[in-house]
Amino acid sequence: MTEPRPLAVFDLDGTLADTAHRQHFLEGSPRDWRGFFAAAPDDTPLFEGVALAREAAADCDLLYLTGRPERCRADTEEWLRAHGLPEGPVRMRRDHDRRPAVRTKLEALRGLRATRTVRMLVDDDPLVLAEAERAGFTVVEADWGRTSAELRAGQEREGRT
């Protein structure tokens, strides 16, 4: 019996998808999260992330791990198909889950590691990367996107993405 291929785990926002055009929704108070996520289908792909995902797919199964809420699933899966990203399941945040990204993503990674080899995590969130590395995962920092302070706050303090 052969072992399954290892997993390459990719974040979406700021890693594969350029969110710069919609970060303005997060500048006001209260932040407009509905507007922010509604504009996601218009994201342009980030070349570096897409190229890395395609390269990883040569010898890994891909899994997309995002903090986007479940209500964004149809738009997210369509965006991945439209931009020719390799097939793979998409793990999303439950709609009302407001835990920090570092907590939700590490929980998911540990669950994956229980049944599969996780070759790498590609993400733009420094806190997620640091914790994943401390937990023994190989990480790749997606430093090619532009993430505002408002988006970082949403990831870590508000549990929104």
# chains A, B, ... in the order shown; residues from 1 in each chain; ligands from 1
call {"tool": "residues_around", "arguments": {"residues": "A:Ala51", "least_positions_apart": "4", "cutoff": "12 Å", "atoms": "only C-alpha atoms", "output": "NGL selection string"}}
result
:A and (10 or 15-16 or 45-47 or 55-58 or 83-86 or 142)
call {"tool": "write_last_selection", "arguments": {"atoms": "C-alpha atoms", "output": "CSV table (one decimal), in the first residue's frame"}}
result
chain,number,residue,atom,x,y,z
A,10,PHE,CA,-1.7,27.4,1.2
A,15,THR,CA,-0.7,34.7,-0.3
A,16,LEU,CA,-2.5,33.7,-3.5
A,45,PRO,CA,-3.9,36.5,-8.2
A,46,LEU,CA,-0.4,37.1,-6.7
A,47,PHE,CA,2.0,35.6,-9.2
A,55,GLU,CA,5.2,24.0,-8.4
A,56,ALA,CA,4.1,22.3,-5.2
A,57,ALA,CA,1.3,20.4,-6.9
A,58,ALA,CA,3.9,18.4,-8.9
A,83,HIS,CA,-7.3,31.5,-11.9
A,84,GLY,CA,-6.2,27.9,-12.7
A,85,LEU,CA,-4.9,27.0,-9.3
A,86,PRO,CA,-4.4,23.3,-8.6
A,142,ALA,CA,4.4,34.8,1.5
call {"tool": "select_by_dssp", "arguments": {"residues": "chain A", "states": "strand (DSSP E)", "output": "JSON, numbers by chain"}}
result
{"A": [7, 8, 9, 10, 17, 18, 44, 45, 61, 62, 63, 64, 65, 66, 67, 68, 69, 90, 91, 92, 93, 118, 119, 120, 121, 122, 123, 139, 140, 141]}
call {"tool": "residues_around", "arguments": {"residues": "A:Ala38", "least_positions_apart": "6", "cutoff": "12 Å", "atoms": "only C-alpha atoms", "output": "CSV table (one decimal) with all heavy atoms, in the first residue's frame"}}
result
chain,number,residue,atom,x,y,z
A,19,THR,N,-5.4,41.3,-1.8
A,19,THR,CA,-6.5,41.9,-1.2
A,19,THR,C,-6.4,43.4,-1.1
A,19,THR,O,-7.3,44.1,-0.5
A,19,THR,CB,-6.7,41.4,0.3
A,19,THR,OG1,-5.5,41.7,1.0
A,19,THR,CG2,-6.9,39.9,0.3
A,21,HIS,N,-7.1,45.9,-3.0
A,21,HIS,CA,-8.2,46.7,-3.5
A,21,HIS,C,-9.4,46.7,-2.6
A,21,HIS,O,-10.3,47.6,-2.7
A,21,HIS,CB,-8.6,46.2,-4.9
A,21,HIS,CG,-9.4,44.9,-4.8
A,21,HIS,ND1,-10.8,44.8,-4.9
A,21,HIS,CD2,-8.9,43.6,-4.7
A,21,HIS,CE1,-11.1,43.5,-4.8
A,21,HIS,NE2,-10.0,42.8,-4.6
A,22,ARG,N,-9.4,45.8,-1.6
A,22,ARG,CA,-10.6,45.7,-0.7
A,22,ARG,C,-10.2,46.0,0.8
A,22,ARG,O,-11.1,46.0,1.6
A,22,ARG,CB,-11.3,44.4,-0.8
A,22,ARG,CG,-10.5,43.2,-0.6
A,22,ARG,CD,-11.3,41.9,-0.9
A,22,ARG,NE,-10.5,40.7,-1.0
A,22,ARG,CZ,-10.6,39.7,-0.1
A,22,ARG,NH1,-11.4,39.8,0.9
A,22,ARG,NH2,-9.8,38.7,-0.2
A,23,GLN,N,-9.0,46.3,1.0
A,23,GLN,CA,-8.6,46.6,2.4
A,23,GLN,C,-9.2,47.9,2.9
A,23,GLN,O,-9.4,48.1,4.1
A,23,GLN,CB,-7.1,46.6,2.6
A,23,GLN,CG,-6.5,45.2,2.4
A,23,GLN,CD,-5.1,45.0,2.6
A,23,GLN,OE1,-4.4,45.8,3.3
A,23,GLN,NE2,-4.5,44.0,2.0
A,25,PHE,N,-12.2,48.6,3.1
A,25,PHE,CA,-13.4,48.3,3.8
A,25,PHE,C,-13.1,48.2,5.3
A,25,PHE,O,-14.0,48.2,6.1
A,25,PHE,CB,-14.0,47.0,3.3
A,25,PHE,CG,-14.7,47.1,2.0
A,25,PHE,CD1,-14.1,46.6,0.8
A,25,PHE,CD2,-15.9,47.7,1.9
A,25,PHE,CE1,-14.7,46.7,-0.4
A,25,PHE,CE2,-16.6,47.8,0.6
A,25,PHE,CZ,-16.0,47.3,-0.5
A,32,ASP,N,-16.1,47.1,7.8
A,32,ASP,CA,-17.1,46.6,6.9
A,32,ASP,C,-16.7,45.2,6.4
A,32,ASP,O,-16.1,45.1,5.3
A,32,ASP,CB,-17.4,47.5,5.8
A,32,ASP,CG,-18.4,47.0,4.8
A,32,ASP,OD1,-19.0,46.0,5.0
A,32,ASP,OD2,-18.7,47.7,3.8
A,68,ARG,N,-11.1,32.9,5.8
A,68,ARG,CA,-12.4,33.4,5.3
A,68,ARG,C,-13.5,32.6,5.9
A,68,ARG,O,-13.4,31.4,6.1
A,68,ARG,CB,-12.5,33.3,3.7
A,68,ARG,CG,-11.5,34.1,3.0
A,68,ARG,CD,-11.7,33.9,1.5
A,68,ARG,NE,-10.7,34.7,0.7
A,68,ARG,CZ,-10.7,34.7,-0.6
A,68,ARG,NH1,-11.6,34.0,-1.3
A,68,ARG,NH2,-9.8,35.4,-1.2
A,69,PRO,N,-14.7,33.3,6.1
A,69,PRO,CA,-15.8,32.5,6.6
A,69,PRO,C,-16.4,31.6,5.6
A,69,PRO,O,-16.4,31.8,4.4
A,69,PRO,CB,-16.8,33.6,7.1
A,69,PRO,CG,-16.4,34.8,6.3
A,69,PRO,CD,-14.9,34.7,6.0
A,71,ARG,N,-19.3,31.2,4.6
A,71,ARG,CA,-20.3,31.8,3.7
A,71,ARG,C,-19.6,32.3,2.4
A,71,ARG,O,-20.3,32.5,1.4
A,71,ARG,CB,-21.0,32.9,4.3
A,71,ARG,CG,-20.2,34.2,4.6
A,71,ARG,CD,-21.0,35.3,5.3
A,71,ARG,NE,-20.2,36.4,5.5
A,71,ARG,CZ,-19.5,36.6,6.6
A,71,ARG,NH1,-19.5,35.7,7.6
A,71,ARG,NH2,-18.8,37.7,6.8
A,72,CYS,N,-18.3,32.3,2.3
A,72,CYS,CA,-17.6,32.7,1.1
A,72,CYS,C,-17.1,31.5,0.3
A,72,CYS,O,-16.4,31.7,-0.7
A,72,CYS,CB,-16.3,33.6,1.5
A,72,CYS,SG,-16.7,35.1,2.4
A,73,ARG,N,-17.6,30.3,0.6
A,73,ARG,CA,-17.1,29.1,-0.1
A,73,ARG,C,-17.3,29.2,-1.6
A,73,ARG,O,-16.3,28.9,-2.4
A,73,ARG,CB,-17.7,27.9,0.5
A,73,ARG,CG,-17.2,26.6,-0.2
A,73,ARG,CD,-17.6,25.3,0.5
A,73,ARG,NE,-16.9,25.2,1.8
A,73,ARG,CZ,-15.7,24.8,1.9
A,73,ARG,NH1,-14.9,24.5,0.9
A,73,ARG,NH2,-15.2,24.7,3.2
A,74,ALA,N,-18.5,29.4,-2.1
A,74,ALA,CA,-18.7,29.4,-3.5
A,74,ALA,C,-17.8,30.4,-4.3
A,74,ALA,O,-17.2,30.0,-5.3
A,74,ALA,CB,-20.2,29.6,-3.8
A,75,ASP,N,-17.7,31.6,-3.8
A,75,ASP,CA,-16.9,32.6,-4.4
A,75,ASP,C,-15.4,32.2,-4.4
A,75,ASP,O,-14.7,32.4,-5.4
A,75,ASP,CB,-17.0,34.0,-3.7
A,75,ASP,CG,-18.3,34.7,-4.0
A,75,ASP,OD1,-19.0,34.3,-5.0
A,75,ASP,OD2,-18.7,35.6,-3.3
A,76,THR,N,-15.0,31.6,-3.3
A,76,THR,CA,-13.6,31.2,-3.1
A,76,THR,C,-13.2,30.1,-4.0
A,76,THR,O,-12.2,30.1,-4.7
A,76,THR,CB,-13.3,30.8,-1.6
A,76,THR,OG1,-13.6,32.0,-0.8
A,76,THR,CG2,-11.9,30.3,-1.4
call {"tool": "closest_residue", "arguments": {"among": "A:Val50, A:Asp61, A:Ala20, A:Val102", "to": "A:Arg81", "atoms": "only C-alpha atoms"}}
result
A:Val50
call {"tool": "atom_distance", "arguments": {"atom1": "atom CA of A:Arg99", "atom2": "atom CA of A:Gly67"}}
result
9.7 Å
call {"tool": "closest_residue", "arguments": {"among": "A:Pro6, A:Gly14, A:Gly49, A:Gly28", "to": "A:Thr66", "atoms": "only C-alpha atoms"}}
result
A:Gly14
call {"tool": "closest_residue", "arguments": {"among": "A:Leu12, A:Ala114, A:Leu80, A:Leu106", "to": "A:Arg134", "atoms": "only C-alpha atoms"}}
result
A:Leu106
